[in-house]
Structure formats: C-alpha cells, structure tokens
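A short worksheet on the structure shown next.
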Amino acid sequence: MCCNVITEKEYPFRKPKKNISNKSHKGAQQNEKHKENHNKHSNTISYSSDDGIPLEARIMAIADVYDALVSKRVYKDSYDFKKADSIIMEGMGTKFDPSLETAYVNARPLLEEYYSHIE
C-alpha cells in the first residue's frame, strides 16, 4: 500500500476542501491577506495591532504548526499532544502572538479530539 493512499476513515478529514473564500470579493481579499502573511512571524515579543500581520494569519500560524507537529509525515513521525503543546507554548510571544494563548489553550481539547481520530 502506498503512503499516499488514505483510508475510508481518514477521507472525511483529508478530502479536498472547496475554496469557499473566493466565492465573494471579501472572501477573496481575506484569502489573499492570509497568503501574504501566512509565513510571517516575529522573533521578538513585540506583537501589536499595527505590526501588519492580520489576526487570521496569526491564528493560522498556530494551527499550521500544530498540524505539522501532530501529523505523521513521510519524513517524520507525529509528536504526541503533550510535546506539540510544549512546542506551541514555548513559541508564544516569539513565534506566535501571545494574545492568542488563551484561545489556543481553550481550543486544545478540541484539537486533540480531532487529531486523535486521524491515524
């Protein structure tokens, strides 16, 4: 079995997502804003509302790293939730906006539940 084949159990979580953000002008603008800022982050503890990184991109930065950590890849095994959480929390204020820490902590049980169904 090839590593690119997904099981029926995984399909609902891995199936291609429709790009609904382009259905409206506002959605398209938000999508572009996310693309431009997706890989930006600060290496200092100086997050502010005027640093030019939209809230959506700050949220996606945390979500993207969390997904990369807890997901198995061809080139690496997945980290357990405790290790992934430790890495995310260490990055609060440097790689991630510290004002999102409470939201991340509140979302963590839902993230763990979601990712525990993907194997």
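In the structure tokens, the first chain shown is A, the next is B, and so on; residue numbers restart at 1 for each chain, and ligands run from 1 in the order shown.
Near Ala84 of chain A, within 7 Å and counting only C-alpha atoms, sit Tyr66, Leu69, Val70 and Tyr79 of chain A; same-chain residues fewer than 5 positions away were not included.
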Using only C-alpha atoms: which of A:Ile87, A:Lys72, A:Leu100, A:Thr94 has the shortest distance to Glu56 of chain A: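 Checking each of A:Ile87, A:Lys72, A:Leu100, A:Thr94 against Glu56 of chain A, counting only C-alpha atoms, the winner is A:Leu100.
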Atom CA of Ser78 of chain A to atom CA of Pro98 of chain A measures 24.9 Å
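Atom to atom, atom CA of Asp85 of chain A and atom CA of Val105 of chain A stand 9.0 Å apart.
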Atom CA of Ser86 of chain A and atom CA of Thr102 of chain A are how many Å apart? 14.5 Å
